[in-house]
Amino acid sequence: MTRHAILSCLCLFAGLAQATDLAQVVQRRDADFAAGQPLVAHVVVALCDNVHQGIVPVPAALGDGANPKSNLYWGALYGVRGWFQRASAWKPLPVAPSKDPRVLDRVLYRGEVIRDGRRGEVFVLAEAWKGESIGDAIRYFLEINRGEHVDSVRAGERQIEIGGRAHLVAFVGHNGLMDFAAPTLPRSPVQAPPHASAVLACISDSYFTPLLRDHSSPLLMTTGLMAPEAYTLDAAITAWFSGQGSDAVRRAAAGAYAHYQRIPERAALQLFRSPVSAELP
């Protein structure tokens with residue numbers, strides 16, 4: 001191997017190491033919290049769709065990918081909007097609708113976490129994508145993971161940054177990559193700030209982790225079939241923004257999943273994986 005090739009490999013390795021360094025993700029999260037800045041999660045939800053997705057069909061109202069109000073992954077009891085709207089720890093805030101016609105609904109929730117006796121604000125911005133547009137939703141998720149689609153929304157008295165500036169980006173829904181190939185993305189024109197990522201979908205670790213880890217720290221993935229319901233998302237976000245480490249996030253998610261699915265916690269722990277294994281000091 002030539003000296004130039006060796007240097008190129010070293011530079012590539014250094015770039016990847018920087019992008020996937022959990023310590024930098026934690027440092028940014030903790031520094032923003034200490035400075036009184038809000039912590040933000042941006043969640044992309046592909047609506048459940050009996051017609052356009054390779055899923056076991058569910059009742060028609062739950063599987064209508066054009067109707068977020070009744071959709072299994074959105075307006076239903078354990079859908080993202082259904083869950084956060086009823087959760088006492090989260091307060092809904094008005095938010096401008098997305099300008100993208102593929103996004104059928106958009107919600108914003110405010111919560112609080114306490115760390116070392118100090119209270120901080122956390123926000124969850126979630127978007128419901130048409131079920132038939134699941135491929136576009138996954139592409140968009142991968143793009144915000146790369147730092148793209150930076151935007152801001154008003155959250156009460158604050159203006160918060162979403163998209164590629166979020167502290168955590170997440171995808172919820174059917175694992176469309178089991179049905180079609182992952183999109184080929186051109187080189188990103190921007191550098192994503194250190195952030196974590198999560199995918200609540202069946203067998204997401206195998207399909208998504210290789211696509212995410214060059215630009216983020218994959219925090220919570222799955223190793224088998226699962227129901228991507230919002231109590232798991234809530235538990236993971238709350239644990240992470242409360243300052244807990246990756247293993248604690250995995251255990252929080254597994255605990256919520258075991259409770260609502262009525263399965264042994266040991267089985268739930270086997271379902272979830274945190275590809276980043278480093279813990280907070």
# chains A, B, ... in the order shown; residues from 1 in each chain; ligands from 1
>>> select_by_dssp(residues="stretch 58-252 of chain A", states="alpha helix (DSSP H)", output="MDAnalysis selection string")
chainID A and resid 80:86 134:145 204:212 230:241 246:252
>>> write_last_selection(atoms="C-alpha atoms", output="JSON list (two decimals), in the first residue's frame")
[["chain", "number", "residue", "atom", "x", "y", "z"],
["A", 80, "VAL", "CA", -46.80, 8.42, 18.82],
["A", 81, "ARG", "CA", -49.47, 11.11, 18.94],
["A", 82, "GLY", "CA", -51.90, 8.98, 20.91],
["A", 83, "TRP", "CA", -49.33, 8.16, 23.58],
["A", 84, "PHE", "CA", -47.65, 11.55, 24.03],
["A", 85, "GLN", "CA", -50.99, 13.38, 23.93],
["A", 86, "ARG", "CA", -52.16, 11.41, 26.97],
["A", 134, "ILE", "CA", -42.37, 5.06, 3.57],
["A", 135, "GLY", "CA", -39.37, 5.02, 1.22],
["A", 136, "ASP", "CA", -39.29, 8.82, 1.23],
["A", 137, "ALA", "CA", -39.70, 8.87, 5.01],
["A", 138, "ILE", "CA", -36.71, 6.58, 5.48],
["A", 139, "ARG", "CA", -34.64, 8.66, 3.10],
["A", 140, "TYR", "CA", -35.59, 11.83, 4.97],
["A", 141, "PHE", "CA", -34.66, 10.18, 8.29],
["A", 142, "LEU", "CA", -31.26, 9.19, 6.92],
["A", 143, "GLU", "CA", -30.76, 12.72, 5.61],
["A", 144, "ILE", "CA", -31.54, 14.42, 8.92],
["A", 145, "ASN", "CA", -29.18, 11.91, 10.53],
["A", 204, "SER", "CA", -33.50, -2.46, 12.74],
["A", 205, "ASP", "CA", -29.98, -3.15, 13.98],
["A", 206, "SER", "CA", -29.03, -5.21, 10.93],
["A", 207, "TYR", "CA", -30.57, -2.84, 8.42],
["A", 208, "PHE", "CA", -30.06, 0.64, 9.85],
["A", 209, "THR", "CA", -26.98, 0.67, 12.07],
["A", 210, "PRO", "CA", -24.53, 0.48, 9.12],
["A", 211, "LEU", "CA", -26.35, 3.42, 7.52],
["A", 212, "LEU", "CA", -26.39, 5.58, 10.64],
["A", 230, "ALA", "CA", -44.57, 4.92, 21.60],
["A", 231, "TYR", "CA", -44.11, 3.87, 25.23],
["A", 232, "THR", "CA", -40.72, 2.48, 24.19],
["A", 233, "LEU", "CA", -39.81, 5.73, 22.44],
["A", 234, "ASP", "CA", -40.87, 7.75, 25.47],
["A", 235, "ALA", "CA", -38.82, 5.61, 27.85],
["A", 236, "ALA", "CA", -35.71, 5.87, 25.67],
["A", 237, "ILE", "CA", -35.95, 9.63, 25.14],
["A", 238, "THR", "CA", -36.59, 10.31, 28.82],
["A", 239, "ALA", "CA", -33.70, 8.11, 29.97],
["A", 240, "TRP", "CA", -31.26, 9.59, 27.45],
["A", 241, "PHE", "CA", -32.15, 13.22, 28.07],
["A", 246, "SER", "CA", -26.61, 3.72, 26.57],
["A", 247, "ASP", "CA", -27.17, 0.55, 28.60],
["A", 248, "ALA", "CA", -29.59, 2.35, 30.90],
["A", 249, "VAL", "CA", -31.49, 3.60, 27.84],
["A", 250, "ARG", "CA", -31.71, 0.04, 26.51],
["A", 251, "ARG", "CA", -32.98, -1.20, 29.88],
["A", 252, "ALA", "CA", -35.54, 1.58, 30.14]]
>>> closest_atom_pairs(of="stretch 144-185 of chain A", to="stretch 122-125 of chain A", cutoff="12 Å", atoms="only C-alpha atoms", output="tab-separated table")
residue	atom	partner	partner_atom	distance
A:Asp151	CA	A:Leu125	CA	11.4
A:Ser152	CA	A:Leu125	CA	10.6
A:Val153	CA	A:Leu125	CA	9.3
A:Arg154	CA	A:Leu125	CA	11.0
A:Ala155	CA	A:Phe123	CA	8.3
A:Gly156	CA	A:Phe123	CA	10.8
A:Arg158	CA	A:Phe123	CA	10.7
A:Gln159	CA	A:Phe123	CA	11.1
A:Ile160	CA	A:Phe123	CA	8.6
A:Glu161	CA	A:Leu125	CA	10.0
A:Ile162	CA	A:Leu125	CA	7.6
A:Gly163	CA	A:Leu125	CA	9.2
A:Ala166	CA	A:Leu125	CA	9.5
A:His167	CA	A:Val122	CA	10.1
A:Leu168	CA	A:Val124	CA	9.4
A:Val169	CA	A:Leu125	CA	9.7
A:Ala170	CA	A:Leu125	CA	10.3
A:Phe171	CA	A:Leu125	CA	11.9
>>> residues_around(residues="A:Gly224", least_positions_apart="3", cutoff="9 Å", atoms="only C-alpha atoms", output="PyMOL selection string")
chain A and resi 201-205+270-272
>>> select_by_dssp(residues="stretch 21-111 of chain A", states="strand (DSSP E or B)", output="number ranges by chain")
A: 39-46, 91-93, 103-111
>>> write_last_selection(atoms="N, CA and C atoms", output="short mmCIF file (atom, residue, chain, number, x, y, z; two decimals), in the first residue's frame")
data_model
loop_
_atom_site.label_atom_id
_atom_site.label_comp_id
_atom_site.auth_asym_id
_atom_site.auth_seq_id
_atom_site.Cartn_x
_atom_site.Cartn_y
_atom_site.Cartn_z
N LEU A 39 -33.12 20.23 24.98
CA LEU A 39 -32.71 19.02 24.26
C LEU A 39 -33.87 18.60 23.37
N VAL A 40 -33.55 18.25 22.12
CA VAL A 40 -34.59 18.05 21.10
C VAL A 40 -34.47 16.68 20.45
N ALA A 41 -35.60 15.99 20.35
CA ALA A 41 -35.69 14.74 19.59
C ALA A 41 -36.59 14.98 18.38
N HIS A 42 -36.14 14.57 17.21
CA HIS A 42 -36.94 14.66 15.99
C HIS A 42 -37.29 13.25 15.56
N VAL A 43 -38.59 12.97 15.49
CA VAL A 43 -39.08 11.61 15.24
C VAL A 43 -39.81 11.55 13.91
N VAL A 44 -39.38 10.66 13.05
CA VAL A 44 -40.02 10.43 11.76
C VAL A 44 -40.86 9.15 11.87
N VAL A 45 -42.15 9.28 11.63
CA VAL A 45 -43.06 8.13 11.74
C VAL A 45 -43.64 7.82 10.37
N ALA A 46 -43.44 6.60 9.90
CA ALA A 46 -44.09 6.15 8.66
C ALA A 46 -45.39 5.47 9.07
N LYS A 91 -46.38 17.96 27.57
CA LYS A 91 -47.38 18.99 27.29
C LYS A 91 -47.39 19.29 25.79
N PRO A 92 -48.55 19.15 25.13
CA PRO A 92 -48.60 19.48 23.70
C PRO A 92 -48.50 20.97 23.48
N LEU A 93 -47.77 21.35 22.44
CA LEU A 93 -47.62 22.75 22.07
C LEU A 93 -48.05 22.93 20.62
N VAL A 103 -46.18 14.69 4.56
CA VAL A 103 -46.31 14.69 6.02
C VAL A 103 -47.74 15.11 6.36
N LEU A 104 -48.52 14.18 6.89
CA LEU A 104 -49.94 14.40 7.10
C LEU A 104 -50.26 15.03 8.45
N ASP A 105 -49.35 14.95 9.38
CA ASP A 105 -49.58 15.55 10.69
C ASP A 105 -48.23 15.82 11.33
N ARG A 106 -48.24 16.78 12.25
CA ARG A 106 -47.00 17.18 12.93
C ARG A 106 -47.35 17.62 14.34
N VAL A 107 -46.60 17.14 15.31
CA VAL A 107 -46.90 17.48 16.70
C VAL A 107 -45.61 17.86 17.43
N LEU A 108 -45.78 18.62 18.50
CA LEU A 108 -44.65 19.05 19.32
C LEU A 108 -45.03 18.92 20.78
N TYR A 109 -44.14 18.30 21.56
CA TYR A 109 -44.40 18.11 22.99
C TYR A 109 -43.22 18.62 23.80
N ARG A 110 -43.56 19.19 24.95
CA ARG A 110 -42.54 19.69 25.88
C ARG A 110 -42.56 18.86 27.15
N GLY A 111 -41.37 18.50 27.62
CA GLY A 111 -41.23 17.80 28.89
C GLY A 111 -40.09 18.40 29.68
#
>>> residues_around(residues="stretch 63-69 of chain A", least_positions_apart="2", cutoff="10 Å", atoms="only C-alpha atoms", output="JSON, numbers by chain")
{"A": [46, 47, 48, 49, 50, 51, 52, 53, 55, 56, 57, 58, 59, 60, 61, 71, 72, 73, 74, 75, 76, 79, 81, 82, 102, 103, 104, 105, 128, 129, 130, 131, 132, 133, 134]}
>>> write_last_selection(atoms="N, CA and C atoms", output="tab-separated table (two decimals), in the first residue's frame")
chain	number	residue	atom	x	y	z
A	46	ALA	N	-43.44	6.60	9.90
A	46	ALA	CA	-44.09	6.15	8.66
A	46	ALA	C	-45.39	5.47	9.07
A	47	LEU	N	-46.52	6.03	8.66
A	47	LEU	CA	-47.81	5.48	9.06
A	47	LEU	C	-47.97	4.04	8.59
A	48	CYS	N	-48.57	3.23	9.44
A	48	CYS	CA	-48.85	1.82	9.10
A	48	CYS	C	-49.77	1.76	7.88
A	49	ASP	N	-49.47	0.88	6.93
A	49	ASP	CA	-50.20	0.85	5.67
A	49	ASP	C	-50.36	-0.58	5.18
A	50	ASN	N	-51.61	-1.07	5.22
A	50	ASN	CA	-51.87	-2.44	4.78
A	50	ASN	C	-51.61	-2.65	3.30
A	51	VAL	N	-51.76	-1.61	2.51
A	51	VAL	CA	-51.69	-1.73	1.06
A	51	VAL	C	-50.27	-1.58	0.54
A	52	HIS	N	-49.53	-0.63	1.07
A	52	HIS	CA	-48.25	-0.25	0.49
A	52	HIS	C	-47.03	-0.74	1.25
A	53	GLN	N	-47.23	-1.49	2.32
A	53	GLN	CA	-46.11	-1.99	3.11
A	53	GLN	C	-46.21	-3.50	3.28
A	55	ILE	N	-46.45	-5.79	5.45
A	55	ILE	CA	-46.77	-6.11	6.84
A	55	ILE	C	-47.89	-7.13	6.90
A	56	VAL	N	-48.02	-7.79	8.04
A	56	VAL	CA	-49.20	-8.60	8.30
A	56	VAL	C	-50.36	-7.63	8.48
A	57	PRO	N	-51.42	-7.74	7.68
A	57	PRO	CA	-52.49	-6.74	7.74
A	57	PRO	C	-53.09	-6.59	9.13
A	58	VAL	N	-53.39	-5.35	9.47
A	58	VAL	CA	-54.06	-5.02	10.72
A	58	VAL	C	-55.46	-4.53	10.38
A	59	PRO	N	-56.35	-4.33	11.36
A	59	PRO	CA	-57.68	-3.79	11.05
A	59	PRO	C	-57.59	-2.54	10.19
A	60	ALA	N	-58.57	-2.37	9.31
A	60	ALA	CA	-58.52	-1.35	8.26
A	60	ALA	C	-58.22	0.04	8.79
A	61	ALA	N	-58.87	0.46	9.87
A	61	ALA	CA	-58.65	1.81	10.38
A	61	ALA	C	-57.22	1.99	10.87
A	71	ASN	N	-54.44	5.82	12.83
A	71	ASN	CA	-53.35	4.93	12.44
A	71	ASN	C	-52.66	4.28	13.63
A	72	LEU	N	-52.27	3.02	13.45
A	72	LEU	CA	-51.64	2.24	14.52
A	72	LEU	C	-50.41	2.93	15.09
A	73	TYR	N	-49.62	3.57	14.24
A	73	TYR	CA	-48.36	4.16	14.69
A	73	TYR	C	-48.49	5.64	15.04
A	74	TRP	N	-49.69	6.21	14.94
A	74	TRP	CA	-49.84	7.63	15.18
A	74	TRP	C	-50.98	7.97	16.15
A	75	GLY	N	-52.22	7.88	15.68
A	75	GLY	CA	-53.34	8.33	16.50
A	75	GLY	C	-53.91	7.28	17.43
A	76	ALA	N	-53.57	6.02	17.23
A	76	ALA	CA	-54.07	4.94	18.09
A	76	ALA	C	-53.51	5.08	19.50
A	79	GLY	N	-49.89	4.78	19.58
A	79	GLY	CA	-49.19	5.49	18.52
A	79	GLY	C	-48.48	6.71	19.09
A	81	ARG	N	-48.61	10.01	18.48
A	81	ARG	CA	-49.47	11.11	18.94
A	81	ARG	C	-50.40	10.64	20.05
A	82	GLY	N	-50.98	9.48	19.90
A	82	GLY	CA	-51.90	8.98	20.91
A	82	GLY	C	-51.25	8.86	22.28
A	102	ARG	N	-46.27	15.13	1.90
A	102	ARG	CA	-46.20	13.73	2.33
A	102	ARG	C	-46.33	13.60	3.84
A	103	VAL	N	-46.18	14.69	4.56
A	103	VAL	CA	-46.31	14.69	6.02
A	103	VAL	C	-47.74	15.11	6.36
A	104	LEU	N	-48.52	14.18	6.89
A	104	LEU	CA	-49.94	14.40	7.10
A	104	LEU	C	-50.26	15.03	8.45
A	105	ASP	N	-49.35	14.95	9.38
A	105	ASP	CA	-49.58	15.55	10.69
A	105	ASP	C	-48.23	15.82	11.33
A	128	ALA	N	-45.82	12.64	10.95
A	128	ALA	CA	-46.49	11.46	10.41
A	128	ALA	C	-46.44	11.47	8.89
A	129	TRP	N	-45.68	10.54	8.32
A	129	TRP	CA	-45.54	10.45	6.87
A	129	TRP	C	-46.56	9.45	6.31
A	130	LYS	N	-47.10	9.76	5.13
A	130	LYS	CA	-48.01	8.85	4.45
A	130	LYS	C	-47.41	7.45	4.39
A	131	GLY	N	-48.25	6.44	4.61
A	131	GLY	CA	-47.76	5.08	4.56
A	131	GLY	C	-47.16	4.70	3.22
A	132	GLU	N	-47.75	5.20	2.15
A	132	GLU	CA	-47.23	4.86	0.82
A	132	GLU	C	-45.90	5.56	0.54
A	133	SER	N	-45.56	6.55	1.34
A	133	SER	CA	-44.30	7.29	1.17
A	133	SER	C	-43.24	6.81	2.14
A	134	ILE	N	-43.32	5.57	2.59
A	134	ILE	CA	-42.37	5.06	3.57
A	134	ILE	C	-40.93	5.14	3.06
>>> atom_distance(atom1="atom CA of A:Pro218", atom2="atom CA of A:Asp100")
26.6 Å
>>> residues_around(residues="A:Gln37", least_positions_apart="2", cutoff="9 Å", atoms="only C-alpha atoms", output="ChimeraX atom specification")
/A:31-35,39,120-122
>>> decode(residues="stretch 150-252 of chain A", atoms="C-alpha atoms", output="PDB file, in the first residue's frame")
ATOM      1  CA  VAL A 150     -32.175  21.940   9.511  1.00  0.00           C
ATOM      2  CA  ASP A 151     -35.207  23.987  10.477  1.00  0.00           C
ATOM      3  CA  SER A 152     -36.603  25.752  13.512  1.00  0.00           C
ATOM      4  CA  VAL A 153     -40.034  25.896  15.137  1.00  0.00           C
ATOM      5  CA  ARG A 154     -41.463  27.993  17.919  1.00  0.00           C
ATOM      6  CA  ALA A 155     -41.917  26.086  21.164  1.00  0.00           C
ATOM      7  CA  GLY A 156     -43.686  28.355  23.608  1.00  0.00           C
ATOM      8  CA  GLU A 157     -41.225  31.147  24.387  1.00  0.00           C
ATOM      9  CA  ARG A 158     -38.350  29.366  22.648  1.00  0.00           C
ATOM     10  CA  GLN A 159     -37.254  28.807  19.094  1.00  0.00           C
ATOM     11  CA  ILE A 160     -35.844  25.285  18.789  1.00  0.00           C
ATOM     12  CA  GLU A 161     -33.820  23.720  15.990  1.00  0.00           C
ATOM     13  CA  ILE A 162     -35.036  20.482  14.472  1.00  0.00           C
ATOM     14  CA  GLY A 163     -34.002  18.223  11.610  1.00  0.00           C
ATOM     15  CA  GLY A 164     -30.258  17.871  11.347  1.00  0.00           C
ATOM     16  CA  ARG A 165     -29.656  19.896  14.519  1.00  0.00           C
ATOM     17  CA  ALA A 166     -31.638  17.622  16.861  1.00  0.00           C
ATOM     18  CA  HIS A 167     -29.864  15.848  19.735  1.00  0.00           C
ATOM     19  CA  LEU A 168     -31.666  12.592  18.899  1.00  0.00           C
ATOM     20  CA  VAL A 169     -33.227  11.497  15.614  1.00  0.00           C
ATOM     21  CA  ALA A 170     -35.552   8.509  15.517  1.00  0.00           C
ATOM     22  CA  PHE A 171     -37.554   6.493  13.011  1.00  0.00           C
ATOM     23  CA  VAL A 172     -40.728   4.641  14.037  1.00  0.00           C
ATOM     24  CA  GLY A 173     -42.726   2.221  11.913  1.00  0.00           C
ATOM     25  CA  HIS A 174     -42.373  -0.712   9.573  1.00  0.00           C
ATOM     26  CA  ASN A 175     -38.834  -1.593   8.514  1.00  0.00           C
ATOM     27  CA  GLY A 176     -39.222  -0.732   4.865  1.00  0.00           C
ATOM     28  CA  LEU A 177     -35.659  -1.833   4.154  1.00  0.00           C
ATOM     29  CA  MET A 178     -36.930  -5.396   4.478  1.00  0.00           C
ATOM     30  CA  ASP A 179     -38.976  -4.684   1.325  1.00  0.00           C
ATOM     31  CA  PHE A 180     -36.695  -2.436  -0.737  1.00  0.00           C
ATOM     32  CA  ALA A 181     -33.073  -1.364  -0.928  1.00  0.00           C
ATOM     33  CA  ALA A 182     -31.756   1.487   1.155  1.00  0.00           C
ATOM     34  CA  PRO A 183     -31.523   4.747  -0.773  1.00  0.00           C
ATOM     35  CA  THR A 184     -28.165   5.707  -2.225  1.00  0.00           C
ATOM     36  CA  LEU A 185     -27.349   9.144  -0.890  1.00  0.00           C
ATOM     37  CA  PRO A 186     -24.816  11.538  -2.395  1.00  0.00           C
ATOM     38  CA  ARG A 187     -22.068  12.931  -0.233  1.00  0.00           C
ATOM     39  CA  SER A 188     -23.632  15.167   2.400  1.00  0.00           C
ATOM     40  CA  PRO A 189     -22.914  18.891   1.933  1.00  0.00           C
ATOM     41  CA  VAL A 190     -23.011  19.473   5.704  1.00  0.00           C
ATOM     42  CA  GLN A 191     -21.422  18.062   8.849  1.00  0.00           C
ATOM     43  CA  ALA A 192     -23.917  16.707  11.366  1.00  0.00           C
ATOM     44  CA  PRO A 193     -23.413  17.837  14.961  1.00  0.00           C
ATOM     45  CA  PRO A 194     -22.795  14.975  17.423  1.00  0.00           C
ATOM     46  CA  HIS A 195     -26.124  13.272  18.084  1.00  0.00           C
ATOM     47  CA  ALA A 196     -27.739   9.924  18.823  1.00  0.00           C
ATOM     48  CA  SER A 197     -30.097   7.914  16.627  1.00  0.00           C
ATOM     49  CA  ALA A 198     -32.726   5.238  17.202  1.00  0.00           C
ATOM     50  CA  VAL A 199     -34.928   3.039  15.024  1.00  0.00           C
ATOM     51  CA  LEU A 200     -38.023   1.358  16.445  1.00  0.00           C
ATOM     52  CA  ALA A 201     -38.827  -1.113  13.694  1.00  0.00           C
ATOM     53  CA  CYS A 202     -38.348  -4.844  13.208  1.00  0.00           C
ATOM     54  CA  ILE A 203     -34.716  -6.041  13.069  1.00  0.00           C
ATOM     55  CA  SER A 204     -33.502  -2.463  12.742  1.00  0.00           C
ATOM     56  CA  ASP A 205     -29.979  -3.148  13.976  1.00  0.00           C
ATOM     57  CA  SER A 206     -29.031  -5.213  10.933  1.00  0.00           C
ATOM     58  CA  TYR A 207     -30.566  -2.836   8.419  1.00  0.00           C
ATOM     59  CA  PHE A 208     -30.056   0.637   9.854  1.00  0.00           C
ATOM     60  CA  THR A 209     -26.983   0.665  12.074  1.00  0.00           C
ATOM     61  CA  PRO A 210     -24.526   0.476   9.125  1.00  0.00           C
ATOM     62  CA  LEU A 211     -26.352   3.416   7.519  1.00  0.00           C
ATOM     63  CA  LEU A 212     -26.389   5.578  10.640  1.00  0.00           C
ATOM     64  CA  ARG A 213     -23.084   5.077  12.392  1.00  0.00           C
ATOM     65  CA  ASP A 214     -20.956   7.246  10.097  1.00  0.00           C
ATOM     66  CA  HIS A 215     -22.958  10.305  11.139  1.00  0.00           C
ATOM     67  CA  SER A 216     -24.383   9.518  14.583  1.00  0.00           C
ATOM     68  CA  SER A 217     -24.180   7.204  17.577  1.00  0.00           C
ATOM     69  CA  PRO A 218     -26.864   4.507  17.110  1.00  0.00           C
ATOM     70  CA  LEU A 219     -28.367   4.420  20.591  1.00  0.00           C
ATOM     71  CA  LEU A 220     -31.312   2.025  20.379  1.00  0.00           C
ATOM     72  CA  MET A 221     -31.936  -0.629  17.729  1.00  0.00           C
ATOM     73  CA  THR A 222     -33.791  -3.936  17.618  1.00  0.00           C
ATOM     74  CA  THR A 223     -32.687  -7.482  16.866  1.00  0.00           C
ATOM     75  CA  GLY A 224     -36.045  -9.106  16.099  1.00  0.00           C
ATOM     76  CA  LEU A 225     -39.706  -8.550  15.296  1.00  0.00           C
ATOM     77  CA  MET A 226     -41.370  -5.939  17.473  1.00  0.00           C
ATOM     78  CA  ALA A 227     -44.316  -3.573  17.887  1.00  0.00           C
ATOM     79  CA  PRO A 228     -42.960  -0.028  17.382  1.00  0.00           C
ATOM     80  CA  GLU A 229     -45.218   1.578  19.956  1.00  0.00           C
ATOM     81  CA  ALA A 230     -44.566   4.918  21.604  1.00  0.00           C
ATOM     82  CA  TYR A 231     -44.108   3.869  25.228  1.00  0.00           C
ATOM     83  CA  THR A 232     -40.719   2.481  24.190  1.00  0.00           C
ATOM     84  CA  LEU A 233     -39.814   5.728  22.439  1.00  0.00           C
ATOM     85  CA  ASP A 234     -40.871   7.755  25.473  1.00  0.00           C
ATOM     86  CA  ALA A 235     -38.822   5.614  27.854  1.00  0.00           C
ATOM     87  CA  ALA A 236     -35.711   5.866  25.675  1.00  0.00           C
ATOM     88  CA  ILE A 237     -35.952   9.631  25.141  1.00  0.00           C
ATOM     89  CA  THR A 238     -36.591  10.305  28.820  1.00  0.00           C
ATOM     90  CA  ALA A 239     -33.697   8.110  29.973  1.00  0.00           C
ATOM     91  CA  TRP A 240     -31.260   9.587  27.445  1.00  0.00           C
ATOM     92  CA  PHE A 241     -32.150  13.220  28.072  1.00  0.00           C
ATOM     93  CA  SER A 242     -32.037  12.566  31.825  1.00  0.00           C
ATOM     94  CA  GLY A 243     -28.316  11.946  31.409  1.00  0.00           C
ATOM     95  CA  GLN A 244     -28.293   8.162  31.526  1.00  0.00           C
ATOM     96  CA  GLY A 245     -25.917   5.964  29.539  1.00  0.00           C
ATOM     97  CA  SER A 246     -26.609   3.723  26.573  1.00  0.00           C
ATOM     98  CA  ASP A 247     -27.165   0.549  28.599  1.00  0.00           C
ATOM     99  CA  ALA A 248     -29.590   2.347  30.898  1.00  0.00           C
ATOM    100  CA  VAL A 249     -31.493   3.601  27.837  1.00  0.00           C
ATOM    101  CA  ARG A 250     -31.705   0.044  26.512  1.00  0.00           C
ATOM    102  CA  ARG A 251     -32.978  -1.199  29.875  1.00  0.00           C
ATOM    103  CA  ALA A 252     -35.539   1.582  30.143  1.00  0.00           C
TER     104      ALA A 252
END
